[in-house]
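Asker: Got a structure for you, data-v7.pdb, holding PDB, C-alpha atoms and all ligand atoms.
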```
ATOM      1  CA  MET A   1      12.331  -1.444 -58.050
ATOM      2  CA  ALA A   2       9.811  -1.101 -60.857
ATOM      3  CA  LYS A   3      10.845  -3.613 -63.464
ATOM      4  CA  ARG A   4       7.822  -4.236 -65.603
ATOM      5  CA  LYS A   5       7.241  -7.481 -67.429
ATOM      6  CA  LYS A   6       4.373  -9.373 -68.969
ATOM      7  CA  GLN A   7       2.699 -11.632 -66.428
ATOM      8  CA  SER A   8       4.497 -14.983 -66.529
ATOM      9  CA  ARG A   9       2.529 -18.030 -67.635
ATOM     10  CA  HIS A  10       3.327 -20.061 -64.523
ATOM     11  CA  ALA A  11       1.654 -17.553 -62.216
ATOM     12  CA  ARG A  12       0.658 -18.554 -58.716
ATOM     13  CA  ALA A  13      -2.505 -20.616 -58.453
ATOM     14  CA  ALA A  14      -4.032 -18.917 -55.434
ATOM     15  CA  SER A  15      -3.495 -16.002 -53.099
ATOM     16  CA  VAL A  16      -5.032 -17.639 -50.035
ATOM     17  CA  SER A  17      -1.664 -17.814 -48.304
ATOM     18  CA  LEU A  18      -1.327 -14.015 -48.246
ATOM     19  CA  PRO A  19      -2.466 -12.416 -44.964
ATOM     20  CA  PRO A  20      -5.241  -9.777 -44.945
ATOM     21  CA  VAL A  21      -4.206  -6.176 -45.428
ATOM     22  CA  ALA A  22      -3.593  -4.522 -42.046
ATOM     23  CA  PRO A  23      -3.400  -0.794 -41.359
ATOM     24  CA  GLY A  24       0.078   0.739 -41.045
ATOM     25  CA  LEU A  25       1.375   4.075 -39.814
ATOM     26  CA  LEU A  26       0.568   7.432 -41.420
ATOM     27  CA  SER A  27       3.285   9.948 -42.266
ATOM     28  CA  PRO A  28       2.844  13.627 -41.310
ATOM     29  CA  THR A  29       0.392  15.690 -43.391
ATOM     30  CA  ARG A  30       1.950  16.879 -46.659
ATOM     31  CA  ARG A  31       1.990  20.560 -47.541
ATOM     32  CA  VAL A  32       0.754  22.293 -50.670
ATOM     33  CA  PRO A  33       2.583  25.507 -51.656
ATOM     34  CA  ALA A  34       0.563  28.685 -51.039
ATOM     35  CA  GLU A  35       0.575  29.658 -54.730
ATOM     36  CA  ILE A  36      -1.453  26.578 -55.736
ATOM     37  CA  ALA A  37      -5.206  27.218 -56.049
ATOM     38  CA  ARG A  38      -7.203  25.103 -53.621
ATOM     39  CA  PRO A  39     -10.715  23.703 -53.955
ATOM     40  CA  PRO A  40     -13.222  25.290 -51.540
ATOM     41  CA  TYR A  41     -13.183  22.336 -49.107
ATOM     42  CA  ALA A  42      -9.381  22.325 -48.663
ATOM     43  CA  LEU A  43      -9.490  24.481 -45.539
ATOM     44  CA  THR A  44     -12.563  23.147 -43.710
ATOM     45  CA  GLY A  45     -12.753  19.625 -45.127
ATOM     46  CA  GLU A  46     -16.416  20.152 -46.005
ATOM     47  CA  PRO A  47     -17.430  20.240 -49.683
ATOM     48  CA  GLY A  48     -21.001  21.276 -48.781
ATOM     49  CA  PRO A  49     -24.037  20.413 -50.900
ATOM     50  CA  SER A  50     -23.617  19.900 -54.638
ATOM     51  CA  VAL A  51     -24.874  22.970 -56.496
ATOM     52  CA  SER A  52     -23.144  22.760 -59.892
ATOM     53  CA  SER A  53     -24.883  22.074 -63.199
ATOM     54  CA  LEU A  54     -24.314  18.639 -64.741
ATOM     55  CA  ILE A  55     -23.414  20.286 -68.067
ATOM     56  CA  ARG A  56     -20.045  22.039 -68.430
ATOM     57  CA  THR A  57     -19.503  25.344 -70.242
ATOM     58  CA  PRO A  58     -16.993  25.404 -73.144
ATOM     59  CA  ASP A  59     -14.432  27.078 -70.842
ATOM     60  CA  GLU A  60     -14.968  24.432 -68.180
ATOM     61  CA  ILE A  61     -14.557  21.689 -70.796
ATOM     62  CA  GLY A  62     -11.193  23.183 -71.746
ATOM     63  CA  ALA A  63     -10.193  23.153 -68.077
ATOM     64  CA  MET A  64     -11.474  19.573 -67.679
ATOM     65  CA  ARG A  65      -9.223  18.471 -70.553
ATOM     66  CA  ARG A  66      -6.222  19.978 -68.735
ATOM     67  CA  ALA A  67      -7.206  18.482 -65.374
ATOM     68  CA  GLY A  68      -7.795  15.091 -67.002
ATOM     69  CA  ARG A  69      -4.420  15.203 -68.716
ATOM     70  CA  VAL A  70      -2.610  16.114 -65.481
ATOM     71  CA  ALA A  71      -4.378  13.298 -63.580
ATOM     72  CA  ALA A  72      -3.384  10.792 -66.298
ATOM     73  CA  GLU A  73       0.228  11.992 -66.233
ATOM     74  CA  VAL A  74       0.423  11.754 -62.446
ATOM     75  CA  LEU A  75      -1.075   8.228 -62.442
ATOM     76  CA  LEU A  76       1.469   7.155 -65.083
ATOM     77  CA  GLU A  77       4.248   8.610 -62.944
ATOM     78  CA  ALA A  78       3.063   6.593 -59.925
ATOM     79  CA  ALA A  79       2.642   3.479 -62.086
ATOM     80  CA  GLY A  80       6.312   3.741 -63.045
ATOM     81  CA  LYS A  81       7.390   3.627 -59.410
ATOM     82  CA  VAL A  82       5.280   0.827 -57.892
ATOM     83  CA  GLY A  83       6.876  -2.512 -57.095
ATOM     84  CA  VAL A  84       7.605  -5.043 -54.344
ATOM     85  CA  GLY A  85       8.702  -3.225 -51.177
ATOM     86  CA  VAL A  86       7.354   0.195 -52.160
ATOM     87  CA  THR A  87       5.099   1.540 -49.397
ATOM     88  CA  SER A  88       1.756   3.149 -50.195
ATOM     89  CA  ASP A  89       3.079   6.228 -48.370
ATOM     90  CA  GLU A  90       5.828   6.437 -51.018
ATOM     91  CA  ILE A  91       3.106   6.330 -53.693
ATOM     92  CA  ASP A  92       1.377   9.172 -51.839
ATOM     93  CA  ARG A  93       4.595  11.198 -51.807
ATOM     94  CA  ILE A  94       5.108  10.669 -55.551
ATOM     95  CA  VAL A  95       1.495  11.587 -56.382
ATOM     96  CA  HIS A  96       1.567  14.599 -54.063
ATOM     97  CA  ASP A  97       4.876  15.957 -55.391
ATOM     98  CA  GLU A  98       4.026  15.348 -59.081
ATOM     99  CA  THR A  99       0.598  16.948 -58.704
ATOM    100  CA  VAL A 100       2.009  20.021 -57.004
ATOM    101  CA  ALA A 101       4.875  20.218 -59.545
ATOM    102  CA  LYS A 102       2.248  20.484 -62.300
ATOM    103  CA  GLY A 103       0.565  23.369 -60.476
ATOM    104  CA  ALA A 104      -2.395  21.296 -59.279
ATOM    105  CA  TYR A 105      -3.910  20.494 -55.871
ATOM    106  CA  PRO A 106      -4.269  16.790 -54.906
ATOM    107  CA  SER A 107      -8.081  16.658 -54.559
ATOM    108  CA  PRO A 108      -8.271  13.935 -51.870
ATOM    109  CA  LEU A 109      -6.219  15.971 -49.365
ATOM    110  CA  ASN A 110      -8.664  17.068 -46.627
ATOM    111  CA  TYR A 111     -11.705  16.131 -48.742
ATOM    112  CA  ARG A 112     -14.195  15.342 -45.949
ATOM    113  CA  GLY A 113     -11.091  15.145 -43.741
ATOM    114  CA  TYR A 114      -9.279  12.511 -45.844
ATOM    115  CA  PRO A 115      -5.655  12.667 -44.630
ATOM    116  CA  LYS A 116      -3.641  11.901 -47.807
ATOM    117  CA  SER A 117      -3.234  12.960 -51.456
ATOM    118  CA  VAL A 118      -4.208   9.697 -53.188
ATOM    119  CA  CYS A 119      -6.129   6.493 -52.447
ATOM    120  CA  THR A 120      -4.179   3.206 -52.512
ATOM    121  CA  SER A 121      -6.372   0.111 -52.271
ATOM    122  CA  VAL A 122      -4.612  -3.245 -51.902
ATOM    123  CA  ASN A 123      -6.096  -6.743 -52.491
ATOM    124  CA  GLU A 124      -9.423  -6.937 -50.571
ATOM    125  CA  VAL A 125      -9.588  -3.143 -50.166
ATOM    126  CA  ILE A 126     -12.394  -1.978 -52.477
ATOM    127  CA  CYS A 127     -11.562   1.742 -52.449
ATOM    128  CA  HIS A 128     -10.415   4.713 -50.310
ATOM    129  CA  GLY A 129      -7.392   2.874 -48.874
ATOM    130  CA  ILE A 130      -5.231   5.401 -47.005
ATOM    131  CA  PRO A 131      -1.517   5.366 -47.910
ATOM    132  CA  ASP A 132       0.604   4.187 -44.988
ATOM    133  CA  SER A 133       3.813   2.378 -44.038
ATOM    134  CA  ARG A 134       2.754  -1.027 -45.481
ATOM    135  CA  PRO A 135       5.171  -2.144 -48.228
ATOM    136  CA  LEU A 136       3.644  -3.758 -51.326
ATOM    137  CA  ALA A 137       4.262  -7.523 -51.284
ATOM    138  CA  ASP A 138       4.939 -10.030 -54.047
ATOM    139  CA  GLY A 139       1.513 -11.150 -55.292
ATOM    140  CA  ASP A 140      -0.422  -8.007 -54.280
ATOM    141  CA  ILE A 141      -2.733  -6.025 -56.517
ATOM    142  CA  VAL A 142      -3.027  -2.293 -55.835
ATOM    143  CA  ASN A 143      -5.422   0.338 -57.127
ATOM    144  CA  ILE A 144      -4.018   3.867 -57.278
ATOM    145  CA  ASP A 145      -6.747   6.518 -57.515
ATOM    146  CA  VAL A 146      -5.503   9.988 -58.487
ATOM    147  CA  THR A 147      -7.625  13.128 -58.509
ATOM    148  CA  VAL A 148      -6.219  16.594 -59.239
ATOM    149  CA  TYR A 149      -7.735  20.075 -59.081
ATOM    150  CA  ILE A 150      -6.467  22.648 -61.554
ATOM    151  CA  ASP A 151      -8.072  25.586 -63.397
ATOM    152  CA  GLY A 152     -11.093  25.269 -61.087
ATOM    153  CA  VAL A 153     -12.023  21.678 -61.974
ATOM    154  CA  HIS A 154     -11.159  18.102 -61.006
ATOM    155  CA  GLY A 155      -9.845  15.146 -63.048
ATOM    156  CA  ASP A 156     -10.217  11.666 -61.510
ATOM    157  CA  THR A 157      -8.647   8.393 -62.701
ATOM    158  CA  SER A 158      -7.481   5.083 -61.265
ATOM    159  CA  ALA A 159      -5.973   1.770 -62.307
ATOM    160  CA  THR A 160      -5.124  -1.509 -60.592
ATOM    161  CA  PHE A 161      -1.559  -2.825 -60.898
ATOM    162  CA  LEU A 162      -0.011  -6.294 -60.487
ATOM    163  CA  ILE A 163       2.878  -6.532 -58.015
ATOM    164  CA  GLY A 164       5.263  -9.395 -58.734
ATOM    165  CA  ASP A 165       3.875 -12.885 -59.209
ATOM    166  CA  VAL A 166       0.083 -12.488 -59.022
ATOM    167  CA  ASP A 167      -2.262 -15.498 -58.951
ATOM    168  CA  ASP A 168      -4.328 -16.297 -62.044
ATOM    169  CA  SER A 169      -7.763 -15.405 -60.656
ATOM    170  CA  SER A 170      -6.520 -11.981 -59.512
ATOM    171  CA  VAL A 171      -5.075 -11.341 -62.992
ATOM    172  CA  ARG A 172      -8.420 -12.329 -64.494
ATOM    173  CA  LEU A 173     -10.235 -10.022 -62.053
ATOM    174  CA  VAL A 174      -8.033  -7.052 -62.941
ATOM    175  CA  ALA A 175      -8.279  -7.729 -66.685
ATOM    176  CA  GLN A 176     -12.070  -8.102 -66.701
ATOM    177  CA  THR A 177     -12.600  -5.015 -64.543
ATOM    178  CA  ARG A 178     -10.610  -2.989 -67.073
ATOM    179  CA  THR A 179     -12.629  -4.525 -69.912
ATOM    180  CA  ALA A 180     -15.922  -3.757 -68.126
ATOM    181  CA  LEU A 181     -15.007  -0.058 -68.000
ATOM    182  CA  GLU A 182     -14.025  -0.034 -71.683
ATOM    183  CA  LEU A 183     -17.264  -1.757 -72.721
ATOM    184  CA  ALA A 184     -19.348   0.753 -70.763
ATOM    185  CA  ILE A 185     -17.526   3.718 -72.327
ATOM    186  CA  ALA A 186     -17.995   2.287 -75.827
ATOM    187  CA  ALA A 187     -21.737   1.721 -75.282
ATOM    188  CA  LEU A 188     -22.607   5.351 -74.520
ATOM    189  CA  THR A 189     -24.354   7.681 -76.959
ATOM    190  CA  PRO A 190     -25.488  11.304 -76.450
ATOM    191  CA  GLY A 191     -28.654  11.452 -74.362
ATOM    192  CA  CYS A 192     -28.582   7.779 -73.397
ATOM    193  CA  PRO A 193     -29.763   6.983 -69.855
ATOM    194  CA  VAL A 194     -27.038   6.734 -67.219
ATOM    195  CA  SER A 195     -28.380   3.221 -66.443
ATOM    196  CA  GLU A 196     -26.710   2.029 -69.660
ATOM    197  CA  ILE A 197     -23.386   2.083 -67.785
ATOM    198  CA  GLY A 198     -24.543  -0.319 -65.079
ATOM    199  CA  ARG A 199     -26.335  -2.486 -67.605
ATOM    200  CA  VAL A 200     -23.124  -3.119 -69.576
ATOM    201  CA  ILE A 201     -20.853  -3.502 -66.546
ATOM    202  CA  GLU A 202     -23.157  -5.856 -64.661
ATOM    203  CA  ALA A 203     -23.687  -8.030 -67.749
ATOM    204  CA  HIS A 204     -19.919  -8.335 -68.206
ATOM    205  CA  ALA A 205     -19.380  -9.135 -64.535
ATOM    206  CA  VAL A 206     -22.090 -11.817 -64.549
ATOM    207  CA  LYS A 207     -20.551 -13.381 -67.651
ATOM    208  CA  HIS A 208     -17.209 -13.665 -65.828
ATOM    209  CA  GLN A 209     -18.715 -14.676 -62.445
ATOM    210  CA  LEU A 210     -17.544 -11.484 -60.758
ATOM    211  CA  GLY A 211     -19.439  -9.363 -58.214
ATOM    212  CA  VAL A 212     -20.334  -5.680 -58.705
ATOM    213  CA  VAL A 213     -19.872  -3.402 -55.669
ATOM    214  CA  ARG A 214     -23.052  -1.352 -55.051
ATOM    215  CA  GLU A 215     -22.002   0.864 -52.118
ATOM    216  CA  PHE A 216     -19.604   2.984 -54.185
ATOM    217  CA  ILE A 217     -20.510   4.524 -57.508
ATOM    218  CA  GLY A 218     -19.246   6.862 -60.207
ATOM    219  CA  HIS A 219     -20.249  10.510 -60.169
ATOM    220  CA  GLY A 220     -20.629  13.778 -61.951
ATOM    221  CA  ILE A 221     -17.368  15.754 -61.765
ATOM    222  CA  GLY A 222     -16.248  19.239 -62.733
ATOM    223  CA  THR A 223     -16.056  22.309 -60.530
ATOM    224  CA  GLU A 224     -17.053  19.849 -57.788
ATOM    225  CA  PHE A 225     -15.155  16.596 -56.996
ATOM    226  CA  HIS A 226     -18.456  14.719 -56.645
ATOM    227  CA  SER A 227     -21.532  16.357 -58.129
ATOM    228  CA  ASN A 228     -25.167  15.294 -58.173
ATOM    229  CA  LEU A 229     -25.120  12.748 -60.999
ATOM    230  CA  GLN A 230     -24.942   9.186 -59.636
ATOM    231  CA  VAL A 231     -23.335   6.511 -61.807
ATOM    232  CA  ALA A 232     -24.190   3.016 -60.564
ATOM    233  CA  HIS A 233     -22.141   0.109 -61.921
ATOM    234  CA  TYR A 234     -25.112  -2.274 -61.590
ATOM    235  CA  TYR A 235     -28.294  -2.037 -63.637
ATOM    236  CA  ASP A 236     -31.241  -0.092 -62.260
ATOM    237  CA  ARG A 237     -33.872   0.914 -64.817
ATOM    238  CA  ARG A 238     -34.963   3.795 -62.544
ATOM    239  CA  HIS A 239     -31.632   5.554 -63.238
ATOM    240  CA  ARG A 240     -33.062   7.377 -66.243
ATOM    241  CA  ALA A 241     -31.038  10.636 -66.154
ATOM    242  CA  PRO A 242     -29.892  11.282 -69.736
ATOM    243  CA  LEU A 243     -26.175  11.796 -70.410
ATOM    244  CA  GLU A 244     -26.551  15.008 -72.399
ATOM    245  CA  ILE A 245     -23.749  16.463 -74.509
ATOM    246  CA  GLY A 246     -21.419  18.444 -72.222
ATOM    247  CA  THR A 247     -21.889  16.181 -69.191
ATOM    248  CA  THR A 248     -18.656  15.244 -67.398
ATOM    249  CA  PHE A 249     -18.713  12.186 -65.169
ATOM    250  CA  THR A 250     -16.694   9.215 -63.993
ATOM    251  CA  ILE A 251     -17.140   5.495 -64.494
ATOM    252  CA  GLU A 252     -15.200   3.500 -61.890
ATOM    253  CA  PRO A 253     -16.395  -0.098 -61.546
ATOM    254  CA  MET A 254     -15.250  -2.121 -58.550
ATOM    255  CA  LEU A 255     -15.592  -5.847 -59.312
ATOM    256  CA  THR A 256     -15.003  -8.700 -56.861
ATOM    257  CA  LEU A 257     -13.958 -12.354 -56.996
ATOM    258  CA  GLY A 258     -16.443 -13.205 -54.242
ATOM    259  CA  SER A 259     -19.377 -11.367 -52.689
ATOM    260  CA  PRO A 260     -19.514  -7.620 -53.463
ATOM    261  CA  GLU A 261     -20.663  -6.855 -49.913
ATOM    262  CA  ALA A 262     -18.524  -4.137 -48.289
ATOM    263  CA  ALA A 263     -17.328  -3.448 -44.755
ATOM    264  CA  LEU A 264     -15.589  -0.355 -43.373
ATOM    265  CA  TRP A 265     -12.428  -0.173 -41.280
ATOM    266  CA  ASP A 266     -12.383   1.831 -38.044
ATOM    267  CA  ASP A 267     -10.638   4.673 -39.910
ATOM    268  CA  ASN A 268     -14.063   5.306 -41.523
ATOM    269  CA  TRP A 269     -12.477   5.373 -45.013
ATOM    270  CA  THR A 270     -10.994   2.002 -45.952
ATOM    271  CA  ALA A 271     -13.717  -0.100 -47.606
ATOM    272  CA  VAL A 272     -12.989  -3.831 -47.798
ATOM    273  CA  THR A 273     -14.895  -6.833 -49.087
ATOM    274  CA  ALA A 274     -16.829  -8.441 -46.222
ATOM    275  CA  ASP A 275     -15.580 -11.895 -47.273
ATOM    276  CA  GLY A 276     -11.937 -10.782 -47.580
ATOM    277  CA  ARG A 277     -11.674 -11.807 -51.228
ATOM    278  CA  ARG A 278     -10.008  -9.576 -53.802
ATOM    279  CA  THR A 279     -11.450  -6.649 -55.711
ATOM    280  CA  ALA A 280     -10.206  -4.438 -58.559
ATOM    281  CA  GLN A 281     -11.137  -1.015 -59.945
ATOM    282  CA  PHE A 282     -10.458   1.175 -62.967
ATOM    283  CA  GLU A 283     -11.679   4.752 -63.435
ATOM    284  CA  HIS A 284     -11.818   7.391 -66.140
ATOM    285  CA  THR A 285     -13.263  10.892 -66.220
ATOM    286  CA  LEU A 286     -15.391  11.242 -69.358
ATOM    287  CA  LEU A 287     -17.054  13.935 -71.454
ATOM    288  CA  MET A 288     -20.223  13.158 -73.369
ATOM    289  CA  GLY A 289     -19.682  14.536 -76.864
ATOM    290  CA  GLU A 290     -21.471  14.220 -80.183
ATOM    291  CA  GLY A 291     -19.569  11.041 -80.996
ATOM    292  CA  GLY A 292     -20.132   9.427 -77.585
ATOM    293  CA  ALA A 293     -18.132   9.391 -74.368
ATOM    294  CA  GLU A 294     -14.605  10.776 -74.653
ATOM    295  CA  LYS A 295     -11.886   9.898 -72.124
ATOM    296  CA  LEU A 296     -10.497  13.046 -70.520
ATOM    297  CA  THR A 297      -8.003  11.262 -68.260
ATOM    298  CA  VAL A 298      -5.433  10.556 -70.956
ATOM    299  CA  THR A 299      -2.131  12.227 -71.877
ATOM    300  CA  ALA A 300      -1.742  14.580 -74.866
ATOM    301  CA  ALA A 301      -0.740  11.452 -76.826
ATOM    302  CA  GLY A 302      -3.951   9.691 -75.728
ATOM    303  CA  GLU A 303      -2.180   7.305 -73.354
ATOM    304  CA  CYS A 304      -2.955   6.240 -69.793
ATOM    305  CA  ALA A 305      -1.773   3.856 -67.084
ATOM    306  CA  HIS A 306      -4.589   1.419 -67.868
ATOM    307  CA  GLN A 307      -2.535   0.244 -70.830
ATOM    308  CA  ILE A 308       0.371  -0.929 -68.655
ATOM    309  CA  SER A 309      -1.663  -2.115 -65.662
ATOM    310  CA  LEU A 310      -1.518  -5.812 -66.577
ATOM    311  CA  GLU A 311       2.260  -5.895 -66.901
ATOM    312  CA  SER A 312       3.417  -7.118 -63.497
ATOM    313  CA  VAL A 313       6.095  -5.112 -61.705
ATOM    314  CA  ALA A 314       8.716  -6.800 -59.540
TER     315      ALA A 314
HETATM  316  N1  LIG B   1     -11.135   9.385 -56.185
HETATM  317  C1  LIG B   1     -12.268   8.829 -55.496
HETATM  318  C2  LIG B   1     -13.369   8.703 -56.515
HETATM  319  O1  LIG B   1     -13.137   8.100 -57.513
HETATM  320  C3  LIG B   1     -12.699   9.654 -54.341
HETATM  321  C4  LIG B   1     -11.718   9.695 -53.252
HETATM  322  S1  LIG B   1     -12.313  10.692 -51.996
HETATM  323  C5  LIG B   1     -11.080  10.618 -50.874
HETATM  324  O2  LIG B   1     -14.438   9.230 -56.423
HETATM  325  F1  LIG B   1     -11.351  11.515 -49.992
HETATM  326  F2  LIG B   1     -11.024   9.394 -50.388
HETATM  327  F3  LIG B   1      -9.953  10.870 -51.477
HETATM  328 CO    CO B   2     -14.281   9.093 -58.921
HETATM  329 CO    CO B   3     -11.164   8.331 -58.186
END
```
Can the structure in the file be given as structure tokens, please?
Answerer:
Amino acid sequence: MAKRKKQSRHARAASVSLPPVAPGLLSPTRRVPAEIARPPYALTGEPGPSVSSLIRTPDEIGAMRRAGRVAAEVLLEAAGKVGVGVTSDEIDRIVHDETVAKGAYPSPLNYRGYPKSVCTSVNEVICHGIPDSRPLADGDIVNIDVTVYIDGVHGDTSATFLIGDVDDSSVRLVAQTRTALELAIAALTPGCPVSEIGRVIEAHAVKHQLGVVREFIGHGIGTEFHSNLQVAHYYDRRHRAPLEIGTTFTIEPMLTLGSPEAALWDDNWTAVTADGRRTAQFEHTLLMGEGGAEKLTVTAAGECAHQISLESVA
């Protein structure tokens, strides 16, 4: 199912013929073995107010490295299985089982009542797509967003993948969204304002005539899935909070081919572009260190699914 190849040169010119993404059926709730440590919200669904410090202790940083590595490994595992005809529910099963097999809890499960273990966002879905019975189709793009909880902390990473023969503008969208994230990471220095992230990403998007989604942003992460630090992907000079050494946070730009305006499905989770045009996202969990921002969501060998995301899978 998952034969990966470089995108062919005679790719489809446009995706307009593909119908909008429609909701499918949800499988029964998956179980997490009792011996796996759960985040506080797992039972009630309510994370409560953010109380954690933005700066991690040395012990927490060690745990964040492990959580980041597990998240990267799980995303790579899912990336190896996607392809035409694979349902997003199958992706959920793979992510759930791999996460649990590594001794971690799939952070999305029951976070604010979210029903599944991963987010799968197809084509015009911006983020928080709920895995269901819809099979991936030739020409789709799909973002898989994995978050795991292990050793008391979360690791959060996502990538967008090309399914079969994807049209040229979608390939460009996916490629430039990945580049925007890389440019933002490379621009950061200890103590720099968090607004630097949005400045770099928005400038790159403008240069490539892509929209920047404003409704959804990156976040502080650690003992809490989403902590107080807000990471906009557009520039706002008022966002002056300094990224001090020891801060752990995500950058997760969502760029669009058309207007970045968002709409919400009736499920109260699935965010789509209001104009129905496509959108892509990439995410890393990062640690601000002396030498700048370090990616935590990579394997022990320093690899991640971002590297294979532009190789289309049939
Ligand atoms: N992983 C998403 C993020 O990057 C959050 C998903 S919350 C969920 O912040 F409940 F939808 F899973
Ligand atoms: Co995130
Ligand atoms: Co995420």
Asker: In terms of the shortest atom-to-atom distance over all atoms listed in the file, which of A:Pro19, A:Pro253, A:Gly302, A:Gly191 is closest to A:Ser158?
Answerer: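 Checking each candidate against A:Ser158, we get A:Pro253 as the closest.
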Asker: Could you check the closest approach to A:Asp140 for each of A:Arg112, A:His284, A:Lys81, A:Arg278 and tell me which residue wins, using all atoms listed in the file?
Answerer: A:Arg278
Asker: Please identify the residues whose atoms come within 9 Å of ligand CO 2 (chain B), using only C-alpha atoms and all ligand atoms, and report them as a PyMOL selection string.
Answerer: chain A and resi 145-147+155-158+217-221+225-226+249-252+283-285
Asker: When you count all atoms listed in the file, which of these residues is closest to A:Arg69: A:Phe216, A:Tyr114, A:Trp265, A:Tyr149?
Answerer: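 Once distances to A:Arg69 are computed over all atoms listed in the file, the minimum belongs to A:Tyr149.
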Asker: Can you translate the PyMOL selection byres (((chain A and resi 256) around 12) and not hetatm) into the concrete residues it hits in this file, as a PyMOL selection string?
Answerer: chain A and resi 123-127+169-177+202+205-206+208-214+253-255+257-262+272-281
Asker: Could you check how far atom CA of A:Gly113 sits from atom CA of A:Leu287, in Å to one decimal?
Answerer: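 Atom CA of A:Gly113 sits 28.4 Å away from atom CA of A:Leu287.
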Asker: Closest to ligand CO 3 (chain B) among A:Gly62, A:Pro40, A:Gly198, A:Gly68, using all atoms listed in the file?
Answerer: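 Closest to ligand CO 3 (chain B) of all the choices is A:Gly68.
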Asker: Which residue is closest to A:Ile197? Choose from A:Arg4, A:Arg65, A:Arg134, A:Arg240 and count all atoms listed in the file.
Answerer: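 Checking each candidate against A:Ile197, we get A:Arg240 as the closest.
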Asker: Which residues come within 12 Å of stretch 34-39 of chain A, counting all atoms listed in the file, excluding same-chain residues fewer than 3 positions away, as a ChimeraX atom specification?
Answerer: /A:31,42-48,99-111,147-154,222-225
Asker: Would you compute the distance between atom CO of ligand CO 3 (chain B) and atom CA of A:Cys119? Give it in Å to one decimal.
Answerer: 7.9 Å
Asker: Closest to ligand LIG 1 (chain B) among A:His128, A:Arg30, A:Arg66, A:Arg199, using all atoms listed in the file?
Answerer: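 So, comparing all the options, the nearest one is A:His128.
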Asker: Work out where the centre of an axis-aligned box around every listed atom of stretch 152-168 of chain A lies and how long its edges are once 3 Å is added on each side; give both in Å to one decimal as AutoDock Vina command-line options.
Answerer:
```
--center_x -3.4 --center_y 4.5 --center_z -60.5 --size_x 23.3 --size_y 47.6 --size_z 11.0
```
Asker: In Å, how far is it from atom CA of A:Leu188 to atom CA of A:Ala71?
Answerer: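 Atom CA of A:Leu188 sits 22.7 Å away from atom CA of A:Ala71.
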Asker: Evaluate the PyMOL selection byres (((chain A and resi 299) around 12) and not hetatm) and record the selected residues as a PyMOL selection string, following the chain and residue labels used in the document.
Answerer: chain A and resi 65-77+157+295-298+300-306
Asker: Write out as an mmCIF file with C-alpha atoms, in the coordinates of the input the residues lying within 9 Å of A:Ser53, counting all atoms listed in the file and excluding same-chain residues fewer than 2 positions away.
Answerer:
```
data_model
loop_
_atom_site.group_PDB
_atom_site.id
_atom_site.type_symbol
_atom_site.label_atom_id
_atom_site.label_comp_id
_atom_site.auth_asym_id
_atom_site.auth_seq_id
_atom_site.Cartn_x
_atom_site.Cartn_y
_atom_site.Cartn_z
ATOM 1 C CA SER A 50 -23.617 19.900 -54.638
ATOM 2 C CA VAL A 51 -24.874 22.970 -56.496
ATOM 3 C CA ILE A 55 -23.414 20.286 -68.067
ATOM 4 C CA ARG A 56 -20.045 22.039 -68.430
ATOM 5 C CA SER A 227 -21.532 16.357 -58.129
ATOM 6 C CA ASN A 228 -25.167 15.294 -58.173
ATOM 7 C CA THR A 247 -21.889 16.181 -69.191
#
```
Asker: Using the chain letters and numbers from the file, which residues does the PyMOL selection byres (((chain A and resi 243) around 8) and not hetatm) grab, as a VMD selection string?
Answerer: chain A and resid 189 to 194 241 to 242 244 to 245 247 288
Asker: Would you save the residues of that selection, restricted to C-alpha atoms, as a PDB file, in the coordinates of the input?
Answerer:
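File part22.pdb, as written:
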```pdb
ATOM      1  CA  THR A 189     -24.354   7.681 -76.959  1.00  0.00           C
ATOM      2  CA  PRO A 190     -25.488  11.304 -76.450  1.00  0.00           C
ATOM      3  CA  GLY A 191     -28.654  11.452 -74.362  1.00  0.00           C
ATOM      4  CA  CYS A 192     -28.582   7.779 -73.397  1.00  0.00           C
ATOM      5  CA  PRO A 193     -29.763   6.983 -69.855  1.00  0.00           C
ATOM      6  CA  VAL A 194     -27.038   6.734 -67.219  1.00  0.00           C
ATOM      7  CA  ALA A 241     -31.038  10.636 -66.154  1.00  0.00           C
ATOM      8  CA  PRO A 242     -29.892  11.282 -69.736  1.00  0.00           C
ATOM      9  CA  GLU A 244     -26.551  15.008 -72.399  1.00  0.00           C
ATOM     10  CA  ILE A 245     -23.749  16.463 -74.509  1.00  0.00           C
ATOM     11  CA  THR A 247     -21.889  16.181 -69.191  1.00  0.00           C
ATOM     12  CA  MET A 288     -20.223  13.158 -73.369  1.00  0.00           C
TER      13      MET A 288
END
```
Asker: With C-alpha atoms retained, output stretch 253-264 of chain A as a tab-separated table (two decimals), in the first residue's frame.
Answerer:
```
chain	number	residue	atom	x	y	z
A	253	PRO	CA	2.38	26.78	10.79
A	254	MET	CA	-0.77	26.14	8.79
A	255	LEU	CA	-0.47	27.78	5.36
A	256	THR	CA	-3.20	27.99	2.72
A	257	LEU	CA	-3.45	28.25	-1.07
A	258	GLY	CA	-6.39	30.65	-0.75
A	259	SER	CA	-7.84	32.66	2.12
A	260	PRO	CA	-6.65	31.59	5.60
A	261	GLU	CA	-10.13	32.12	7.04
A	262	ALA	CA	-11.33	29.07	9.00
A	263	ALA	CA	-14.71	27.43	9.57
A	264	LEU	CA	-15.65	24.65	11.99
```
